[in-house]
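Participant: Dropping in upload.tsv, which is TSV, C-alpha atoms:
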```tsv
chain	number	residue	atom	x	y	z
A	9	MET	CA	0.00	0.00	0.00
A	10	LYS	CA	1.03	3.58	-0.59
A	11	ILE	CA	1.75	6.11	2.13
A	12	THR	CA	3.51	9.47	2.04
A	13	VAL	CA	6.48	10.12	4.29
A	14	ASN	CA	7.94	13.63	4.38
A	15	GLY	CA	6.37	14.38	1.04
A	16	GLN	CA	7.68	11.22	-0.65
A	17	GLU	CA	5.42	8.41	-1.72
A	18	ARG	CA	6.41	5.04	-0.30
A	19	GLU	CA	5.25	1.50	-0.66
A	20	VAL	CA	4.86	-0.43	2.58
A	21	ALA	CA	3.37	-3.80	3.38
A	22	PRO	CA	-0.18	-3.77	4.73
A	23	GLY	CA	-0.14	-4.02	8.49
A	24	THR	CA	3.12	-2.09	8.84
A	25	THR	CA	3.30	-0.31	12.17
A	26	LEU	CA	4.77	3.11	12.72
A	27	ALA	CA	7.54	1.49	14.75
A	28	GLN	CA	8.43	-0.73	11.78
A	29	LEU	CA	8.31	2.20	9.38
A	30	VAL	CA	10.67	4.29	11.49
A	31	GLN	CA	13.05	1.35	11.57
A	32	GLN	CA	12.86	1.02	7.76
A	33	LEU	CA	13.58	4.72	7.33
A	34	ASN	CA	17.03	4.23	8.86
A	35	VAL	CA	16.93	7.48	10.82
A	36	ARG	CA	18.06	8.31	14.32
A	37	THR	CA	15.23	7.62	16.67
A	38	ASP	CA	16.31	9.98	19.43
A	39	ARG	CA	14.85	13.45	19.27
A	40	ILE	CA	12.40	12.73	16.52
A	41	ALA	CA	8.66	13.19	16.40
A	42	THR	CA	6.05	11.84	14.04
A	43	GLU	CA	2.82	13.28	12.82
A	44	ARG	CA	0.26	11.06	11.12
A	45	ASN	CA	-2.43	12.85	9.16
A	46	LEU	CA	-1.79	16.08	11.08
A	47	LYS	CA	-1.84	14.40	14.50
A	48	VAL	CA	1.27	13.79	16.60
A	49	ILE	CA	1.78	10.16	17.56
A	50	PRO	CA	3.58	9.75	20.91
A	51	LYS	CA	6.57	7.41	20.78
A	52	ALA	CA	4.87	5.02	23.16
A	53	GLN	CA	2.20	4.40	20.53
A	54	TYR	CA	4.50	3.67	17.56
A	55	GLN	CA	4.25	-0.06	18.23
A	56	ASP	CA	0.45	-0.07	18.20
A	57	THR	CA	-0.05	2.35	15.34
A	58	VAL	CA	-0.88	0.36	12.22
A	59	LEU	CA	-0.47	2.44	9.08
A	60	GLU	CA	-3.22	2.69	6.52
A	61	GLU	CA	-3.31	3.30	2.79
A	62	GLY	CA	-2.93	6.98	1.98
A	63	ASP	CA	-1.50	7.95	5.40
A	64	LYS	CA	0.49	11.15	5.33
A	65	LEU	CA	3.38	11.13	7.75
A	66	GLU	CA	5.82	13.78	8.81
A	67	VAL	CA	8.93	12.62	10.64
A	68	VAL	CA	10.83	15.53	12.09
A	69	THR	CA	13.85	16.31	14.18
A	70	PHE	CA	15.76	19.44	15.14
A	71	VAL	CA	18.06	21.49	12.96
A	72	GLY	CA	19.92	24.72	13.54
A	73	GLY	CA	17.65	27.73	13.75
A	74	GLY	CA	17.18	31.10	15.40
B	2	MET	CA	38.03	48.20	45.01
B	3	THR	CA	35.41	45.51	44.68
B	4	ALA	CA	32.34	45.47	42.46
B	5	PRO	CA	28.98	45.82	44.18
B	6	ALA	CA	27.52	42.38	44.89
B	7	PRO	CA	25.40	41.05	43.38
B	8	LEU	CA	26.01	42.82	40.08
B	9	ASP	CA	22.78	41.49	38.62
B	10	THR	CA	19.87	39.22	39.37
B	11	PRO	CA	19.11	36.12	37.30
B	12	LEU	CA	16.65	36.25	34.45
B	13	ILE	CA	13.55	34.18	35.04
B	14	VAL	CA	11.54	32.94	32.07
B	15	GLY	CA	8.65	30.70	33.07
B	16	LYS	CA	10.21	28.00	35.23
B	17	HIS	CA	13.70	28.65	33.89
B	18	THR	CA	16.41	30.73	35.52
B	19	PHE	CA	19.31	32.11	33.51
B	20	THR	CA	22.44	33.95	34.52
B	21	SER	CA	23.23	34.89	30.94
B	22	ARG	CA	20.75	37.19	29.26
B	23	LEU	CA	21.85	36.22	25.79
B	24	PHE	CA	19.80	33.72	23.79
B	25	VAL	CA	21.58	32.33	20.78
B	26	GLY	CA	20.30	30.54	17.70
B	27	THR	CA	21.97	27.45	16.31
B	28	GLY	CA	21.36	28.16	12.61
B	29	LYS	CA	23.66	29.14	9.76
B	30	TYR	CA	27.01	28.14	11.24
B	31	ALA	CA	29.62	26.79	8.86
B	32	SER	CA	29.88	23.65	11.00
B	33	PHE	CA	28.47	22.16	14.19
B	34	GLU	CA	31.95	22.40	15.73
B	35	LEU	CA	32.09	26.14	15.10
B	36	MET	CA	28.58	26.49	16.47
B	37	ARG	CA	29.58	24.65	19.63
B	38	GLU	CA	32.54	26.97	20.16
B	39	CYS	CA	30.48	30.07	19.50
B	40	LEU	CA	27.73	29.03	21.88
B	41	ALA	CA	30.33	28.41	24.58
B	42	ALA	CA	31.99	31.77	23.91
B	43	SER	CA	28.67	33.60	24.06
B	44	ALA	CA	28.06	32.09	27.52
B	45	THR	CA	24.42	31.62	26.59
B	46	GLU	CA	22.39	29.15	28.60
B	47	CYS	CA	19.47	28.88	26.20
B	48	VAL	CA	19.66	28.09	22.51
B	49	THR	CA	17.00	27.95	19.84
B	50	VAL	CA	16.46	25.13	17.35
B	51	ALA	CA	14.10	24.59	14.42
B	52	VAL	CA	11.86	21.63	13.64
B	53	ARG	CA	12.40	20.09	10.21
B	54	ARG	CA	11.81	16.85	8.37
B	55	VAL	CA	14.45	14.18	8.89
B	56	LYS	CA	16.35	13.50	5.69
B	57	LEU	CA	15.37	10.18	4.20
B	58	GLY	CA	17.75	7.96	2.28
B	59	GLY	CA	21.44	7.65	3.01
B	60	PRO	CA	23.00	7.12	6.39
B	61	PRO	CA	21.66	9.10	9.36
B	62	SER	CA	23.28	12.53	9.26
B	63	GLU	CA	25.18	14.20	12.07
B	64	ASN	CA	22.76	15.43	14.63
B	65	LEU	CA	22.64	19.00	15.90
B	66	MET	CA	21.27	17.79	19.20
B	67	SER	CA	24.40	15.82	20.08
B	68	PHE	CA	26.24	19.17	20.21
B	69	ILE	CA	23.81	20.93	22.54
B	70	ASP	CA	21.79	18.31	24.43
B	71	GLY	CA	22.30	18.52	28.16
B	72	LYS	CA	24.38	21.69	27.93
B	73	TYR	CA	21.69	24.25	27.27
B	74	THR	CA	18.02	24.86	27.77
B	75	ILE	CA	16.63	24.07	24.34
B	76	LEU	CA	14.07	26.48	22.98
B	77	PRO	CA	12.42	25.05	19.87
B	78	ASN	CA	10.96	27.61	17.49
B	79	THR	CA	8.17	27.53	14.95
B	80	ALA	CA	10.23	29.39	12.36
B	81	GLY	CA	9.06	28.95	8.80
B	82	CYS	CA	5.40	28.71	9.77
B	83	PHE	CA	3.11	31.09	7.96
B	84	THR	CA	-0.17	30.01	9.58
B	85	ALA	CA	-1.30	29.54	13.16
B	86	ALA	CA	-2.23	25.94	12.37
B	87	ASP	CA	1.28	25.05	11.17
B	88	ALA	CA	2.89	26.78	14.13
B	89	ILE	CA	0.67	24.80	16.50
B	90	ARG	CA	1.53	21.53	14.72
B	91	THR	CA	5.21	22.38	14.91
B	92	ALA	CA	4.93	23.10	18.62
B	93	HIS	CA	3.20	19.75	19.14
B	94	LEU	CA	6.02	18.00	17.29
B	95	SER	CA	8.77	19.72	19.23
B	96	ARG	CA	7.07	18.97	22.51
B	97	GLU	CA	6.86	15.30	21.58
B	98	ALA	CA	10.46	15.13	20.36
B	99	LEU	CA	11.99	17.05	23.23
B	100	GLY	CA	9.57	16.56	26.08
B	101	THR	CA	9.58	20.29	26.68
B	102	SER	CA	6.66	22.67	26.81
B	103	LEU	CA	8.95	25.57	25.89
B	104	VAL	CA	8.30	27.09	22.50
B	105	LYS	CA	9.41	30.21	20.73
B	106	LEU	CA	6.30	30.98	18.75
B	107	GLU	CA	6.75	32.57	15.35
B	108	VAL	CA	3.94	32.96	12.86
B	109	LEU	CA	5.38	34.82	9.92
B	110	ALA	CA	3.67	36.93	7.29
B	111	ASP	CA	5.75	36.14	4.21
B	112	PRO	CA	9.20	34.81	3.30
B	113	LYS	CA	10.56	38.14	2.07
B	114	THR	CA	10.02	40.25	5.17
B	115	LEU	CA	9.65	37.45	7.75
B	116	LEU	CA	7.61	39.97	9.70
B	117	PRO	CA	5.38	38.48	12.37
B	118	GLU	CA	1.79	37.94	11.27
B	119	PRO	CA	-0.13	39.44	14.18
B	120	VAL	CA	-3.51	37.75	13.76
B	121	GLY	CA	-2.02	34.29	13.31
B	122	THR	CA	0.42	34.89	16.15
B	123	LEU	CA	-2.39	35.78	18.51
B	124	GLU	CA	-4.48	32.81	17.41
B	125	ALA	CA	-1.63	30.30	17.79
B	126	CYS	CA	-0.61	31.84	21.09
B	127	ARG	CA	-4.10	31.51	22.51
B	128	GLU	CA	-4.24	27.81	21.56
B	129	LEU	CA	-0.75	26.96	22.83
B	130	MET	CA	-1.42	28.69	26.15
B	131	LYS	CA	-4.60	26.65	26.47
B	132	GLU	CA	-2.55	23.50	25.90
B	133	GLY	CA	-0.10	24.38	28.64
B	134	PHE	CA	2.88	25.47	26.59
B	135	THR	CA	5.42	27.92	27.96
B	136	VAL	CA	5.28	30.41	25.13
B	137	LEU	CA	7.94	32.96	24.28
B	138	VAL	CA	6.34	34.88	21.49
B	139	TYR	CA	8.05	36.66	18.65
B	140	THR	CA	6.25	39.83	17.64
B	141	SER	CA	6.82	43.20	16.07
B	142	ASP	CA	7.82	46.09	18.29
B	143	ASP	CA	4.19	47.24	18.45
B	144	PRO	CA	3.39	47.93	22.12
B	145	VAL	CA	-0.33	47.27	21.55
B	146	MET	CA	0.35	43.82	20.12
B	147	ALA	CA	2.85	43.13	22.90
B	148	ARG	CA	0.09	43.85	25.39
B	149	ARG	CA	-2.42	41.61	23.61
B	150	LEU	CA	0.07	38.74	23.77
B	151	ALA	CA	1.01	39.42	27.38
B	152	GLU	CA	-2.68	39.28	28.29
B	153	LEU	CA	-2.71	35.65	27.15
B	154	GLY	CA	-0.20	34.79	29.85
B	155	VAL	CA	2.92	34.18	27.77
B	156	ALA	CA	6.26	33.60	29.50
B	157	SER	CA	7.95	36.31	27.45
B	158	VAL	CA	7.15	38.80	24.73
B	159	MET	CA	9.94	39.03	22.18
B	160	PRO	CA	9.72	42.19	20.12
B	161	ALA	CA	11.85	42.36	17.00
B	162	GLY	CA	14.55	44.99	16.89
B	163	SER	CA	14.35	44.83	13.10
B	164	PRO	CA	13.59	42.12	10.53
B	165	ILE	CA	15.08	38.65	11.14
B	166	GLY	CA	18.64	38.37	9.86
B	167	SER	CA	18.63	41.98	8.64
B	168	GLY	CA	21.39	43.24	10.91
B	169	GLN	CA	19.65	46.60	11.24
B	170	GLY	CA	19.74	46.60	15.04
B	171	VAL	CA	17.04	48.24	17.13
B	172	LEU	CA	15.16	50.42	14.64
B	173	ASN	CA	12.59	51.87	16.99
B	174	PRO	CA	13.98	52.15	20.48
B	175	ASN	CA	10.96	54.20	21.50
B	176	ASN	CA	8.58	51.32	20.89
B	177	ILE	CA	10.83	48.97	22.85
B	178	ARG	CA	10.87	51.50	25.67
B	179	ILE	CA	7.09	51.77	25.65
B	180	ILE	CA	6.81	47.98	25.88
B	181	LEU	CA	9.33	47.94	28.72
B	182	GLU	CA	7.62	50.77	30.60
B	183	THR	CA	4.03	49.63	30.17
B	184	VAL	CA	3.72	45.91	29.40
B	185	ARG	CA	6.52	44.59	31.59
B	186	PRO	CA	5.51	46.13	34.90
B	187	GLU	CA	1.87	45.19	34.42
B	188	PHE	CA	2.39	41.57	33.40
B	189	LYS	CA	5.70	40.94	35.18
B	190	ILE	CA	7.22	39.07	32.27
B	191	PRO	CA	10.63	39.46	30.71
B	192	ILE	CA	10.89	41.32	27.42
B	193	ILE	CA	13.53	39.76	25.19
B	194	VAL	CA	14.54	41.66	22.08
B	195	ASP	CA	14.65	39.16	19.23
B	196	ALA	CA	15.97	39.56	15.73
B	197	GLY	CA	17.85	42.17	13.79
B	198	VAL	CA	21.11	42.22	15.76
B	199	GLY	CA	23.99	43.04	13.40
B	200	THR	CA	26.83	43.74	15.79
B	201	ALA	CA	27.71	44.06	19.44
B	202	SER	CA	26.45	47.62	19.90
B	203	ASP	CA	22.96	46.53	18.83
B	204	VAL	CA	22.87	44.14	21.79
B	205	SER	CA	24.18	46.83	24.13
B	206	ILE	CA	21.55	49.28	22.94
B	207	ALA	CA	18.74	46.81	23.55
B	208	MET	CA	20.07	45.99	27.00
B	209	GLU	CA	20.69	49.65	27.86
B	210	LEU	CA	17.08	50.36	26.99
B	211	GLY	CA	16.25	47.86	29.71
B	212	ALA	CA	15.42	44.73	27.75
B	213	ASP	CA	15.65	41.62	29.92
B	214	GLY	CA	17.55	39.73	27.27
B	215	VAL	CA	18.47	39.57	23.61
B	216	LEU	CA	18.11	36.69	21.17
B	217	LEU	CA	20.32	36.60	18.12
B	218	ASN	CA	21.67	34.15	15.59
B	219	THR	CA	22.88	35.56	12.28
B	220	GLY	CA	24.86	38.33	13.98
B	221	ILE	CA	27.25	35.68	15.26
B	222	ALA	CA	26.87	32.90	12.69
B	223	HIS	CA	27.48	35.13	9.68
B	224	ALA	CA	30.14	37.42	11.15
B	225	LYS	CA	33.49	37.17	9.36
B	226	ASP	CA	34.91	35.69	12.54
B	227	PRO	CA	31.94	34.13	14.35
B	228	LEU	CA	33.91	33.08	17.42
B	229	ARG	CA	35.26	36.59	18.04
B	230	MET	CA	31.77	37.95	17.52
B	231	ALA	CA	30.37	35.48	20.03
B	232	TYR	CA	32.75	36.87	22.65
B	233	ALA	CA	31.80	40.39	21.58
B	234	MET	CA	28.09	39.65	21.97
B	235	LYS	CA	28.64	38.28	25.47
B	236	ALA	CA	30.55	41.39	26.47
B	237	ALA	CA	27.99	43.66	24.82
B	238	CYS	CA	25.10	41.99	26.59
B	239	GLU	CA	26.78	42.29	29.97
B	240	ALA	CA	27.92	45.85	29.28
B	241	GLY	CA	24.46	46.97	28.21
B	242	ARG	CA	22.79	45.27	31.13
B	243	LEU	CA	25.16	46.74	33.71
B	244	ALA	CA	24.89	50.18	32.12
B	245	HIS	CA	21.11	49.92	32.35
B	246	LEU	CA	21.24	48.92	36.00
B	247	ALA	CA	23.82	51.59	36.75
B	248	GLY	CA	21.69	54.30	35.12
B	249	ARG	CA	23.03	56.51	32.40
B	250	ILE	CA	23.57	60.24	32.84
B	251	PRO	CA	21.09	62.54	31.15
B	252	ARG	CA	21.99	63.91	27.72
B	253	LYS	CA	22.89	67.59	27.84
B	254	LEU	CA	23.44	70.03	25.01
B	255	TYR	CA	26.48	71.69	26.60
B	256	ALA	CA	29.66	70.41	28.13
B	257	ASN	CA	30.14	69.72	31.82
B	258	ALA	CA	33.80	69.63	32.82
B	259	SER	CA	35.08	66.57	34.59
B	260	SER	CA	38.06	68.42	36.03
B	261	PRO	CA	37.39	71.20	38.53
B	262	MET	CA	37.30	74.75	37.13
B	263	GLU	CA	38.51	76.08	40.46
B	264	GLY	CA	42.19	76.41	41.13
B	265	ARG	CA	43.41	76.61	37.59
B	266	ILE	CA	46.61	78.55	36.99
B	267	ALA	CA	46.34	82.05	35.53
B	268	PRO	CA	46.35	82.12	31.72
B	269	ALA	CA	49.63	83.58	30.48
B	270	ASP	CA	48.26	86.18	28.03
B	271	THR	CA	45.62	88.31	29.80
B	272	GLY	CA	45.28	86.83	33.17
B	273	ALA	CA	41.52	86.63	32.55
B	274	ILE	CA	39.81	83.31	32.75
B	275	PRO	CA	37.44	82.75	29.78
B	276	GLY	CA	33.84	82.56	30.76
B	277	GLU	CA	34.36	84.40	34.08
```
Show me this structure written as structure tokens.

Facilitator:
Amino acid sequence: MKITVNGQEREVAPGTTLAQLVQQLNVRTDRIATERNLKVIPKAQYQDTVLEEGDKLEVVTFVGGG
Amino acid sequence: MTAPAPLDTPLIVGKHTFTSRLFVGTGKYASFELMRECLAASATECVTVAVRRVKLGGPPSENLMSFIDGKYTILPNTAGCFTAADAIRTAHLSREALGTSLVKLEVLADPKTLLPEPVGTLEACRELMKEGFTVLVYTSDDPVMARRLAELGVASVMPAGSPIGSGQGVLNPNNIRIILETVRPEFKIPIIVDAGVGTASDVSIAMELGADGVLLNTGIAHAKDPLRMAYAMKAACEAGRLAHLAGRIPRKLYANASSPMEGRIAPADTGAIPGE
């Protein structure tokens, strides 16, 4: 199924959890946050959050800024 | 001779107490290493960061946070947000990622001026206050807007000296003074001048006016020698603050001799002393 992660379309297996997706993304997991369809998902819920077709995800961290 | 003790009191912002009154951004440095040195040189205790998408593909990149985590109070901003809704989302994300309720709220009008958008700022501020955030809010130097934001219970109002990154310094010291003289005493919150600092004297001017602190980024990061400028900003902040506390002398049109006029020797030519 298709989902969008940080503006990029991505194919993931049905039943993929947010925890599995973050692992697949190969990003640092400290100091990140994830928004699914405009709603922040707390880290504690990654495991139980099953992604659905068409989900729009934003995975963010911190960069330099003023 | 010893300095009067204590020279200054700490700055209190929400639940946070700072000895340094300088707030420094982490953007636009040539490298994280240089940033780390500059932050140390500035003696800041609170640094700002921005929330952005993680880069996908390729190995995980070097992380800003590993250079500042644990060393500073981290103040995430909502820079780059042009609507209240996006600023609120960004604040939610930073709170989740960092576990902090601190947020420097920016809702900007357009990318060219980066001026604060007052209606969106007010709207986002109202919502974030309701949600229990500790909001430091970026705004123009408009005293009326500063009051509207203070009424919402923000931890600090942060009027711009001049547009972000413009290096124009404090363009309207009178507005800053009005905010300091009216909003601050009524709401008992620190006023931190944010944005526009080009060089050390700009920081001193803001602090001499009585600002509780100054936030800057580009002024250090884009100086020819950022590390030297970081030291300069620290000195300027302390100098301005102490000068404010000490109380400047009034401006006078005519001179006022520092050396006594009495007891001077007789002028050689006429024996008459000018002006007597």

Participant: Which chain A residues are at most 6 Å from chain B (counting only C-alpha atoms), as a list in words?

Facilitator: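 Taken together, these residues fit the definition: Val35, Arg39, Ile40, Ala41, Val67, Val68, Thr69, Phe70, Val71, Gly72, Gly73 and Gly74 of chain A.
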
Participant: Mind pulling up the distance from CA of Ala244 (chain B) to CA of Val14 (chain B)?

Facilitator: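 CA of Ala244 (chain B) lies at a distance of 21.8 Å from CA of Val14 (chain B).
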
Participant: Could you check the closest approach to Arg44 (chain A) for each of A:Thr57, A:Gln32, A:Thr24, A:Gln16 and tell me which residue wins, using all atoms listed in the file?

Facilitator: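 Result for the nearest residue to Arg44 (chain A): A:Thr57.
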
Participant: Please identify all polymer residues within 12 Å of Met230 (chain B), counting only C-alpha atoms, omitting same-chain residues fewer than 5 positions from it, and present them as a PyMOL selection string.

Facilitator: chain B and resi 36+38-43+198-202+204+217-225+235-238

Participant: Go ahead and compute the interatomic distance for CA of Ala161 (chain B) and CA of Glu107 (chain B), in Å to one decimal.

Facilitator: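 For CA of Ala161 (chain B) relative to CA of Glu107 (chain B), the distance reads 11.2 Å.
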
Participant: With N, CA and C atoms as the target, complete region 36-49 of chain A and hand it back as a short mmCIF file (atom, residue, chain, number, x, y, z; two decimals), in the coordinates of the input.

Facilitator:
```
data_model
loop_
_atom_site.label_atom_id
_atom_site.label_comp_id
_atom_site.auth_asym_id
_atom_site.auth_seq_id
_atom_site.Cartn_x
_atom_site.Cartn_y
_atom_site.Cartn_z
N ARG A 36 17.87 8.32 12.87
CA ARG A 36 18.06 8.31 14.32
C ARG A 36 16.69 8.36 14.98
N THR A 37 16.54 7.63 16.04
CA THR A 37 15.23 7.62 16.67
C THR A 37 15.17 8.54 17.89
N ASP A 38 16.35 9.03 18.31
CA ASP A 38 16.31 9.98 19.43
C ASP A 38 15.93 11.35 18.88
N ARG A 39 15.21 12.10 19.65
CA ARG A 39 14.85 13.45 19.27
C ARG A 39 14.13 13.55 17.94
N ILE A 40 13.27 12.59 17.68
CA ILE A 40 12.40 12.73 16.52
C ILE A 40 10.95 12.77 16.99
N ALA A 41 10.09 13.24 16.12
CA ALA A 41 8.66 13.19 16.40
C ALA A 41 7.95 12.89 15.10
N THR A 42 6.79 12.26 15.23
CA THR A 42 6.05 11.84 14.04
C THR A 42 4.62 12.34 14.09
N GLU A 43 4.20 12.82 12.95
CA GLU A 43 2.82 13.28 12.82
C GLU A 43 2.17 12.41 11.75
N ARG A 44 0.99 11.89 12.07
CA ARG A 44 0.26 11.06 11.12
C ARG A 44 -1.05 11.77 10.82
N ASN A 45 -1.23 12.12 9.58
CA ASN A 45 -2.43 12.85 9.16
C ASN A 45 -2.74 14.02 10.10
N LEU A 46 -1.71 14.83 10.29
CA LEU A 46 -1.79 16.08 11.08
C LEU A 46 -1.90 15.87 12.59
N LYS A 47 -1.74 14.64 13.06
CA LYS A 47 -1.84 14.40 14.50
C LYS A 47 -0.54 13.76 15.00
N VAL A 48 0.02 14.33 16.05
CA VAL A 48 1.27 13.79 16.60
C VAL A 48 1.01 12.43 17.24
N ILE A 49 1.87 11.48 16.93
CA ILE A 49 1.78 10.16 17.56
C ILE A 49 2.90 10.05 18.60
#
```
